[in-house]
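Next comes final.pdb, with PDB, C-alpha atoms.
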```pdb
ATOM      1  CA  MET A 835     116.231 107.206 123.785
ATOM      2  CA  LYS A 836     115.037 108.844 120.577
ATOM      3  CA  PRO A 837     113.394 106.562 118.018
ATOM      4  CA  THR A 838     115.484 106.077 114.927
ATOM      5  CA  LEU A 839     114.189 106.435 111.406
ATOM      6  CA  LYS A 840     115.631 106.253 107.928
ATOM      7  CA  LEU A 841     113.868 108.356 105.318
ATOM      8  CA  VAL A 842     114.311 107.851 101.575
ATOM      9  CA  ILE A 843     112.978 110.561  99.293
ATOM     10  CA  VAL A 844     112.208 109.410  95.753
ATOM     11  CA  SER A 845     111.832 112.052  93.087
ATOM     12  CA  GLY A 846     112.409 112.390  89.385
ATOM     13  CA  LEU A 847     110.852 113.068  86.034
ATOM     14  CA  SER A 848     107.372 111.795  85.267
ATOM     15  CA  GLY A 849     107.721 108.537  83.363
ATOM     16  CA  SER A 850     111.189 107.758  84.745
ATOM     17  CA  GLY A 851     110.011 105.059  87.168
ATOM     18  CA  LYS A 852     109.284 106.782  90.495
ATOM     19  CA  THR A 853     106.255 104.602  91.218
ATOM     20  CA  VAL A 854     108.241 101.449  90.429
ATOM     21  CA  ALA A 855     110.998 102.610  92.794
ATOM     22  CA  LEU A 856     108.511 103.262  95.604
ATOM     23  CA  HIS A 857     106.949  99.835  95.129
ATOM     24  CA  ALA A 858     110.439  98.293  95.312
ATOM     25  CA  LEU A 859     111.078 100.122  98.581
ATOM     26  CA  GLU A 860     107.716  98.986  99.922
ATOM     27  CA  ASP A 861     108.674  95.394  99.143
ATOM     28  CA  GLU A 862     111.844  95.955 101.186
ATOM     29  CA  GLY A 863     109.771  96.911 104.220
ATOM     30  CA  TYR A 864     109.609 100.694 103.844
ATOM     31  CA  TYR A 865     106.463 102.603 104.787
ATOM     32  CA  CYS A 866     105.753 104.504 101.561
ATOM     33  CA  ILE A 867     103.712 107.558 100.625
ATOM     34  CA  ASP A 868     103.574 108.856  97.062
ATOM     35  CA  ASN A 869     103.252 112.511  96.038
ATOM     36  CA  LEU A 870     103.798 114.038  99.474
ATOM     37  CA  HIS A 871     103.961 117.829  99.556
ATOM     38  CA  PRO A 872     107.453 118.939 100.783
ATOM     39  CA  GLY A 873     105.798 121.129 103.400
ATOM     40  CA  LEU A 874     104.283 118.013 104.968
ATOM     41  CA  MET A 875     107.529 116.053 105.280
ATOM     42  CA  MET A 876     108.418 117.423 108.711
ATOM     43  CA  PRO A 877     104.966 116.711 110.239
ATOM     44  CA  PHE A 878     105.124 113.271 108.614
ATOM     45  CA  VAL A 879     108.437 112.267 110.219
ATOM     46  CA  GLN A 880     107.445 113.816 113.544
ATOM     47  CA  GLN A 881     104.314 111.681 113.541
ATOM     48  CA  LEU A 882     106.342 108.559 112.803
ATOM     49  CA  MET A 883     108.745 109.357 115.654
ATOM     50  CA  LYS A 884     106.136 109.887 118.356
ATOM     51  CA  PRO A 885     106.937 107.821 121.478
ATOM     52  CA  GLY A 886     104.941 104.640 121.524
ATOM     53  CA  LEU A 887     103.994 104.949 117.861
ATOM     54  CA  VAL A 888     107.240 103.894 116.209
ATOM     55  CA  LEU A 889     105.961 101.190 113.876
ATOM     56  CA  HIS A 890     108.503 101.656 111.088
ATOM     57  CA  GLU A 891     112.271 102.031 111.076
ATOM     58  CA  ALA A 892     112.339 103.105 107.429
ATOM     59  CA  ALA A 893     110.010 105.238 105.357
ATOM     60  CA  ALA A 894     109.996 106.519 101.790
ATOM     61  CA  VAL A 895     108.124 109.409 100.224
ATOM     62  CA  GLY A 896     107.621 110.437  96.618
ATOM     63  CA  ILE A 897     108.080 114.107  95.721
ATOM     64  CA  ASP A 898     107.270 115.504  92.290
ATOM     65  CA  ALA A 899     107.073 118.808  90.458
ATOM     66  CA  ARG A 900     103.438 119.441  91.315
ATOM     67  CA  SER A 901     104.559 120.784  94.705
ATOM     68  CA  GLY A 902     105.335 124.147  93.114
ATOM     69  CA  ILE A 903     108.497 126.165  92.598
ATOM     70  CA  GLU A 904     108.478 127.883  96.012
ATOM     71  CA  GLU A 905     108.290 124.624  97.965
ATOM     72  CA  LEU A 906     110.858 122.908  95.750
ATOM     73  CA  ASP A 907     113.271 125.823  96.205
ATOM     74  CA  ARG A 908     113.050 125.169  99.964
ATOM     75  CA  PHE A 909     113.821 121.470  99.539
ATOM     76  CA  ASP A 910     117.356 121.600 100.948
ATOM     77  CA  GLU A 911     116.163 123.633 103.929
ATOM     78  CA  VAL A 912     113.528 121.029 104.741
ATOM     79  CA  ILE A 913     116.068 118.195 104.472
ATOM     80  CA  GLN A 914     118.463 119.922 106.827
ATOM     81  CA  ALA A 915     115.689 120.409 109.383
ATOM     82  CA  ILE A 916     114.791 116.710 109.223
ATOM     83  CA  GLN A 917     118.436 115.664 109.569
ATOM     84  CA  ALA A 918     118.720 117.900 112.643
ATOM     85  CA  LEU A 919     116.307 115.472 114.326
ATOM     86  CA  GLY A 920     118.894 112.711 113.921
ATOM     87  CA  ILE A 921     117.123 111.100 110.968
ATOM     88  CA  GLU A 922     119.140 109.538 108.163
ATOM     89  CA  VAL A 923     117.920 110.990 104.865
ATOM     90  CA  GLU A 924     118.766 109.751 101.375
ATOM     91  CA  VAL A 925     117.513 111.302  98.158
ATOM     92  CA  ILE A 926     117.097 109.168  95.030
ATOM     93  CA  PHE A 927     116.401 110.956  91.745
ATOM     94  CA  LEU A 928     115.268 109.137  88.594
ATOM     95  CA  GLN A 929     115.587 110.516  85.096
ATOM     96  CA  ALA A 930     115.610 109.490  81.428
ATOM     97  CA  THR A 931     116.194 111.119  78.069
ATOM     98  CA  ASP A 932     113.502 113.299  76.502
ATOM     99  CA  GLU A 933     113.037 110.771  73.704
ATOM    100  CA  THR A 934     112.507 107.934  76.168
ATOM    101  CA  LEU A 935     109.965 109.909  78.193
ATOM    102  CA  LEU A 936     108.077 110.866  75.042
ATOM    103  CA  ARG A 937     107.938 107.225  73.971
ATOM    104  CA  ARG A 938     106.740 106.041  77.388
ATOM    105  CA  PHE A 939     103.937 108.600  77.538
ATOM    106  CA  SER A 940     102.931 107.651  74.012
ATOM    107  CA  GLU A 941     102.869 103.941  74.876
ATOM    108  CA  THR A 942     100.895 104.353  78.095
ATOM    109  CA  ARG A 943      98.720 107.210  76.782
ATOM    110  CA  ARG A 944      99.045 108.907  80.144
ATOM    111  CA  ARG A 945      98.873 112.665  80.501
ATOM    112  CA  HIS A 946     101.931 114.451  81.864
ATOM    113  CA  PRO A 947     101.075 115.925  85.302
ATOM    114  CA  LEU A 948     102.309 119.370  84.239
ATOM    115  CA  ALA A 949     100.495 119.369  80.913
ATOM    116  CA  ARG A 950      98.226 122.358  80.614
ATOM    117  CA  LYS A 951      95.816 123.260  77.884
ATOM    118  CA  GLY A 952      97.869 123.921  74.788
ATOM    119  CA  LEU A 953     101.215 122.998  76.439
ATOM    120  CA  PRO A 954     103.018 120.376  74.323
ATOM    121  CA  LEU A 955     104.399 117.300  76.052
ATOM    122  CA  MET A 956     108.028 118.228  75.343
ATOM    123  CA  GLU A 957     107.563 121.646  76.954
ATOM    124  CA  ALA A 958     106.024 119.985  80.012
ATOM    125  CA  ILE A 959     109.064 117.700  80.301
ATOM    126  CA  HIS A 960     111.465 120.641  80.047
ATOM    127  CA  LEU A 961     109.485 122.612  82.636
ATOM    128  CA  GLU A 962     109.578 119.646  84.995
ATOM    129  CA  ARG A 963     113.377 119.398  84.656
ATOM    130  CA  GLN A 964     113.665 123.058  85.683
ATOM    131  CA  LEU A 965     111.320 122.700  88.657
ATOM    132  CA  LEU A 966     113.120 119.630  89.990
ATOM    133  CA  ALA A 967     116.620 121.132  89.686
ATOM    134  CA  PRO A 968     116.913 121.732  93.488
ATOM    135  CA  ILE A 969     116.201 118.058  94.160
ATOM    136  CA  VAL A 970     118.603 116.610  91.605
ATOM    137  CA  ALA A 971     121.293 118.961  92.957
ATOM    138  CA  ARG A 972     120.748 117.489  96.434
ATOM    139  CA  ALA A 973     120.395 113.842  95.329
ATOM    140  CA  ASP A 974     122.591 111.147  96.869
ATOM    141  CA  LEU A 975     121.860 108.812  93.976
ATOM    142  CA  VAL A 976     120.826 109.692  90.414
ATOM    143  CA  ILE A 977     119.527 106.792  88.321
ATOM    144  CA  ASP A 978     119.117 107.018  84.558
ATOM    145  CA  THR A 979     116.359 104.597  83.533
ATOM    146  CA  THR A 980     116.658 105.241  79.794
ATOM    147  CA  ARG A 981     117.938 101.740  79.101
ATOM    148  CA  SER A 982     116.358  99.957  82.088
ATOM    149  CA  ASN A 983     113.171  97.957  82.259
ATOM    150  CA  ILE A 984     110.979  97.570  85.334
ATOM    151  CA  HIS A 985     112.737  94.437  86.616
ATOM    152  CA  GLN A 986     116.199  95.984  86.255
ATOM    153  CA  LEU A 987     115.116  99.118  88.122
ATOM    154  CA  VAL A 988     113.613  97.074  90.956
ATOM    155  CA  GLY A 989     116.838  95.083  91.224
ATOM    156  CA  LEU A 990     118.991  98.209  91.226
ATOM    157  CA  ILE A 991     116.905  99.910  93.922
ATOM    158  CA  GLY A 992     117.110  96.773  96.050
ATOM    159  CA  GLU A 993     120.889  96.576  95.703
ATOM    160  CA  ARG A 994     121.475 100.213  96.551
ATOM    161  CA  ILE A 995     119.299 100.420  99.662
ATOM    162  CA  ARG A 996     120.530  97.205 101.300
ATOM    163  CA  ARG A 997     123.423  98.935 102.974
ATOM    164  CA  PRO A 998     125.213  97.187 105.839
ATOM    165  CA  GLN A 999     125.201  98.515 109.399
ATOM    166  CA  GLY A1000     127.593 101.376 110.001
ATOM    167  CA  GLY A1001     126.742 103.344 106.855
ATOM    168  CA  ALA A1002     129.443 101.711 104.752
ATOM    169  CA  LEU A1003     129.879 102.825 101.156
ATOM    170  CA  SER A1004     128.052 100.819  98.489
ATOM    171  CA  LEU A1005     129.990 100.370  95.235
ATOM    172  CA  LEU A1006     128.472  99.717  91.816
ATOM    173  CA  PHE A1007     130.754  98.832  88.906
ATOM    174  CA  GLN A1008     128.984  99.054  85.556
ATOM    175  CA  SER A1009     130.096  98.502  81.981
ATOM    176  CA  PHE A1010     128.699 100.414  79.019
ATOM    177  CA  GLY A1011     129.234 101.116  75.330
ATOM    178  CA  TYR A1012     130.138 104.633  74.217
ATOM    179  CA  LYS A1013     128.101 104.254  71.057
ATOM    180  CA  HIS A1014     125.003 104.002  73.264
ATOM    181  CA  GLY A1015     125.899 107.018  75.422
ATOM    182  CA  ILE A1016     127.648 107.591  78.745
ATOM    183  CA  PRO A1017     125.624 106.638  81.866
ATOM    184  CA  VAL A1018     124.690 109.869  83.614
ATOM    185  CA  ASP A1019     124.477 108.135  87.002
ATOM    186  CA  SER A1020     128.279 107.821  87.202
ATOM    187  CA  ASP A1021     130.718 109.188  89.755
ATOM    188  CA  PHE A1022     133.754 107.970  87.805
ATOM    189  CA  VAL A1023     133.913 107.153  84.079
ATOM    190  CA  PHE A1024     136.894 105.290  82.629
ATOM    191  CA  ASP A1025     137.458 104.939  78.898
ATOM    192  CA  VAL A1026     139.144 101.639  77.943
ATOM    193  CA  ARG A1027     138.725 101.877  74.163
ATOM    194  CA  CYS A1028     142.515 102.061  73.811
ATOM    195  CA  LEU A1029     142.837  98.372  74.756
ATOM    196  CA  PRO A1030     142.980  95.453  72.285
ATOM    197  CA  ASN A1031     139.508  94.645  70.969
ATOM    198  CA  PRO A1032     138.285  91.020  70.658
ATOM    199  CA  HIS A1033     135.623  92.281  68.252
ATOM    200  CA  TRP A1034     138.177  91.943  65.466
ATOM    201  CA  GLU A1035     138.710  88.244  66.263
ATOM    202  CA  PRO A1036     135.953  86.349  64.363
ATOM    203  CA  ALA A1037     135.864  83.533  66.935
ATOM    204  CA  LEU A1038     135.368  86.008  69.805
ATOM    205  CA  ARG A1039     133.110  88.614  68.221
ATOM    206  CA  ASP A1040     129.822  87.099  69.381
ATOM    207  CA  GLN A1041     131.103  86.343  72.879
ATOM    208  CA  THR A1042     131.382  88.765  75.804
ATOM    209  CA  GLY A1043     133.859  89.698  78.506
ATOM    210  CA  LEU A1044     132.211  87.080  80.716
ATOM    211  CA  ASP A1045     133.244  84.171  78.459
ATOM    212  CA  PRO A1046     136.453  82.204  79.245
ATOM    213  CA  ALA A1047     137.853  82.577  75.715
ATOM    214  CA  VAL A1048     137.597  86.376  75.894
ATOM    215  CA  VAL A1049     139.084  86.395  79.402
ATOM    216  CA  ALA A1050     142.024  84.353  78.107
ATOM    217  CA  TYR A1051     142.426  86.817  75.231
ATOM    218  CA  PHE A1052     142.789  89.731  77.641
ATOM    219  CA  GLU A1053     145.110  87.806  79.940
ATOM    220  CA  GLY A1054     147.458  87.463  76.982
ATOM    221  CA  HIS A1055     147.842  91.250  76.638
ATOM    222  CA  PRO A1056     150.020  92.914  79.328
ATOM    223  CA  VAL A1057     148.572  96.350  78.500
ATOM    224  CA  VAL A1058     145.179  95.180  79.786
ATOM    225  CA  ASP A1059     146.736  94.175  83.103
ATOM    226  CA  GLY A1060     148.428  97.575  83.218
ATOM    227  CA  MET A1061     145.101  99.347  82.812
ATOM    228  CA  TYR A1062     143.550  97.199  85.546
ATOM    229  CA  THR A1063     146.432  97.928  87.946
ATOM    230  CA  SER A1064     146.194 101.668  87.301
ATOM    231  CA  LEU A1065     142.429 101.750  87.890
ATOM    232  CA  CYS A1066     142.767  99.734  91.103
ATOM    233  CA  GLY A1067     145.406 102.111  92.418
ATOM    234  CA  PHE A1068     143.327 105.177  91.605
ATOM    235  CA  LEU A1069     140.158 103.817  93.213
ATOM    236  CA  GLU A1070     141.942 102.466  96.295
ATOM    237  CA  ASN A1071     143.325 105.945  96.847
ATOM    238  CA  TRP A1072     140.087 107.877  96.384
ATOM    239  CA  ILE A1073     137.264 105.609  97.574
ATOM    240  CA  PRO A1074     138.240 106.123 101.247
ATOM    241  CA  ARG A1075     137.961 109.901 100.697
ATOM    242  CA  PHE A1076     134.347 109.459  99.610
ATOM    243  CA  GLU A1077     133.662 107.248 102.627
ATOM    244  CA  ALA A1078     135.130 109.914 104.910
ATOM    245  CA  ASP A1079     132.678 112.369 103.339
ATOM    246  CA  ASN A1080     129.777 110.094 104.402
ATOM    247  CA  ARG A1081     128.857 109.113 100.861
ATOM    248  CA  GLY A1082     126.426 106.215 100.699
ATOM    249  CA  TYR A1083     126.879 105.278  97.041
ATOM    250  CA  LEU A1084     129.628 105.347  94.450
ATOM    251  CA  THR A1085     129.163 104.331  90.821
ATOM    252  CA  VAL A1086     132.187 103.472  88.691
ATOM    253  CA  SER A1087     131.475 103.167  84.962
ATOM    254  CA  VAL A1088     133.872 101.508  82.526
ATOM    255  CA  GLY A1089     133.245 102.032  78.833
ATOM    256  CA  CYS A1090     134.412 100.572  75.542
ATOM    257  CA  THR A1091     132.934 100.964  72.066
ATOM    258  CA  GLY A1092     130.086  98.453  72.210
ATOM    259  CA  GLY A1093     130.056  97.599  75.919
ATOM    260  CA  ARG A1094     130.422  93.843  75.386
ATOM    261  CA  HIS A1095     134.092  92.885  75.741
ATOM    262  CA  ARG A1096     136.726  95.206  77.234
ATOM    263  CA  SER A1097     134.463  97.109  79.607
ATOM    264  CA  VAL A1098     132.719  93.942  80.789
ATOM    265  CA  TYR A1099     136.008  92.167  81.506
ATOM    266  CA  LEU A1100     137.485  95.054  83.487
ATOM    267  CA  THR A1101     134.233  95.724  85.350
ATOM    268  CA  GLU A1102     134.138  92.128  86.560
ATOM    269  CA  ARG A1103     137.802  92.153  87.501
ATOM    270  CA  LEU A1104     137.571  95.432  89.415
ATOM    271  CA  ALA A1105     134.450  94.280  91.267
ATOM    272  CA  ALA A1106     136.138  91.020  92.249
ATOM    273  CA  HIS A1107     139.117  92.945  93.623
ATOM    274  CA  PHE A1108     137.046  95.281  95.782
ATOM    275  CA  ARG A1109     134.727  92.509  96.991
ATOM    276  CA  LYS A1110     137.668  91.035  98.907
ATOM    277  CA  GLY A1111     137.315  93.749 101.508
ATOM    278  CA  ARG A1112     133.690  94.783 101.046
ATOM    279  CA  GLY A1113     131.722  91.632 100.242
ATOM    280  CA  GLY A1114     128.071  92.295  99.478
ATOM    281  CA  ARG A1115     128.615  96.046  99.318
ATOM    282  CA  VAL A1116     129.958  95.658  95.775
ATOM    283  CA  SER A1117     127.672  94.942  92.808
ATOM    284  CA  THR A1118     128.014  94.884  89.028
ATOM    285  CA  ARG A1119     125.826  95.863  86.109
ATOM    286  CA  HIS A1120     126.488  95.339  82.404
ATOM    287  CA  ARG A1121     124.241  97.823  80.693
ATOM    288  CA  GLU A1122     124.596  96.563  77.133
ATOM    289  CA  LEU A1123     124.228  92.906  78.142
ATOM    290  CA  SER A1124     120.988  93.499  80.065
TER     291      SER A1124
END
```

In structure tokens, what does this structure look like?
Amino acid sequence: MKPTLKLVIVSGLSGSGKTVALHALEDEGYYCIDNLHPGLMMPFVQQLMKPGLVLHEAAAVGIDARSGIEELDRFDEVIQAIQALGIEVEVIFLQATDETLLRRFSETRRRHPLARKGLPLMEAIHLERQLLAPIVARADLVIDTTRSNIHQLVGLIGERIRRPQGGALSLLFQSFGYKHGIPVDSDFVFDVRCLPNPHWEPALRDQTGLDPAVVAYFEGHPVVDGMYTSLCGFLENWIPRFEADNRGYLTVSVGCTGGRHRSVYLTERLAAHFRKGRGGRVSTRHRELS
């Protein structure tokens, strides 16, 4: 019987949190190697699968832009070869906005790995985005860490990799505010700004969609229930199609203006509905409340 192995490949922009993600995977029991050259991935997994030497059922490797354009262009070819061995492979890609990356490098005073003599930091960031395009195109999960701190990223990585046996789909419902930008790590984005807004009720303005008074407010508006019913019907119809396509993750983002009332309420209600059949495979995140 062939030894089984799950391989997670972590890549992304410098400063986006790759090292934090690898440490989170290590804490979950993964055997981790950072900055592995793509050309060494096949020998690496073959070594791990040698009869009598199978010490780890899960491994994670970090891949970055220093591998070079030729090796990165062959990324999908390498992945297919590894999967042909019967290994489950998942690719996680981390990114953030240019402004966020600039701020993080300024705060840590680290040098960008692609920075050359006379090459400004912003140009290095843009070059890195171009080099890593083959990986982000192949990614199973893209995480935007612009508005996440270290603890939130660790929690998110933990939630997304703890998949139940059988490869079942993991669902994340997240709320957000349009005035802070749309989450790029979304498979579906629903705009609920057309619904009644508790912000204009002085007694409710400082509360959130998690508070009983705000929940009662929404329960008193039939149009909110109509939106919820429509979203449930849409997702119940299409989520099984993603599962049939062997997707491991699905992120559903619900947005209102500020991300504190309408989107939070509907995110919680949708998650509760889908937990009835999926249990721990469903999680929630409220970006603007974090």

Proximity of region 907-960 of chain A to region 862-880 of chain A: per-residue shortest pair, 8 Å limit, all atoms listed in the file, as a Markdown table:
```
| residue | atom | partner | partner_atom | distance |
| --- | --- | --- | --- | --- |
| A:Phe909 | CA | A:Pro872 | CA | 7.0 |
| A:Val912 | CA | A:Met876 | CA | 7.4 |
| A:Ala915 | CA | A:Met876 | CA | 7.9 |
| A:Ile916 | CA | A:Met876 | CA | 6.4 |
```

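Residue nearest Ile897 (chain A), chosen from A:Ile969, A:Ile984, A:Ile921, A:Leu990 and counting all atoms listed in the file: A:Ile969.
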
- prompt: From the list A:Arg963, A:Lys1110, A:Arg950, A:Arg994, which residue is nearest Leu847 (chain A) when using all atoms listed in the file?
  reply: A:Arg963

- request: For the file shown, report as a ChimeraX atom specification the outcome of the PyMOL selection byres ((chain A and resi 927) around 7) at residue level.
  value: /A:844-846,925-926,928-929,970,973,975-977

task: Might you pull out every residue within 9 Å of Thr1101 (chain A), with only C-alpha atoms counted and same-chain residues fewer than 4 positions away left off, and present them as a PyMOL selection string?
output: chain A and resi 1007-1009+1086-1088+1096-1097+1105-1106+1118-1120

Could you save those same residues with C-alpha atoms as an mmCIF file, in the frame of the given file?
```cif
data_model
loop_
_atom_site.group_PDB
_atom_site.id
_atom_site.type_symbol
_atom_site.label_atom_id
_atom_site.label_comp_id
_atom_site.auth_asym_id
_atom_site.auth_seq_id
_atom_site.Cartn_x
_atom_site.Cartn_y
_atom_site.Cartn_z
ATOM 1 C CA PHE A 1007 130.754 98.832 88.906
ATOM 2 C CA GLN A 1008 128.984 99.054 85.556
ATOM 3 C CA SER A 1009 130.096 98.502 81.981
ATOM 4 C CA VAL A 1086 132.187 103.472 88.691
ATOM 5 C CA SER A 1087 131.475 103.167 84.962
ATOM 6 C CA VAL A 1088 133.872 101.508 82.526
ATOM 7 C CA ARG A 1096 136.726 95.206 77.234
ATOM 8 C CA SER A 1097 134.463 97.109 79.607
ATOM 9 C CA ALA A 1105 134.450 94.280 91.267
ATOM 10 C CA ALA A 1106 136.138 91.020 92.249
ATOM 11 C CA THR A 1118 128.014 94.884 89.028
ATOM 12 C CA ARG A 1119 125.826 95.863 86.109
ATOM 13 C CA HIS A 1120 126.488 95.339 82.404
#
```

task: Spell out the residues picked by the PyMOL selection byres ((chain A and resi 1024) around 9) here, as JSON, numbers by chain.
output: {"A": [1022, 1023, 1025, 1026, 1065, 1086, 1087, 1088, 1089, 1090]}

message: With distances taken over only C-alpha atoms, which residue among A:Gly851, A:Pro968, A:Gly1043, A:Gly1011 lies nearest Gly902 (chain A)?
response: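 Closest to Gly902 (chain A), using only C-alpha atoms: A:Pro968.
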
field: Of the listed residues A:Thr1085, A:Ile959, A:Tyr1099, A:Glu891, that which approaches Tyr1062 (chain A) most closely, counting all atoms listed in the file
entry: A:Tyr1099

- prompt: Rounded to one decimal in Å, what is the spacing between CA of Gln917 (chain A) and CA of Ile1073 (chain A)?
  reply: 24.5 Å

For region 851-865 of chain A, what centre and edge lengths in Å (one decimal) does the axis-aligned box get once 3 Å is added on each side of all its listed atoms, as lines of an AutoDock Vina configuration file?
```
center_x = 109.0
center_y = 101.1
center_z = 96.0
size_x = 11.6
size_y = 17.4
size_z = 23.6
```

task: Taking the file above as input, evaluate the PyMOL selection byres ((chain A and resi 854) around 12) and report the hits as JSON, numbers by chain.
output: {"A": [844, 845, 846, 848, 849, 850, 851, 852, 853, 855, 856, 857, 858, 859, 860, 861, 866, 868, 896, 928, 979, 982, 983, 984, 985, 986, 987, 988, 989, 990, 991, 992]}

statement: For Thr1063 (chain A), the closest of A:Leu1005, A:Ile1016, A:Leu1104, A:Leu936 counting only C-alpha atoms is A:Leu1104

task: Mind giving me the straight-line distance from CA of Gly920 (chain A) to CA of Arg972 (chain A) in Å, one decimal?
output: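 If I compute the distance from CA of Gly920 (chain A) to CA of Arg972 (chain A), I get 18.2 Å.
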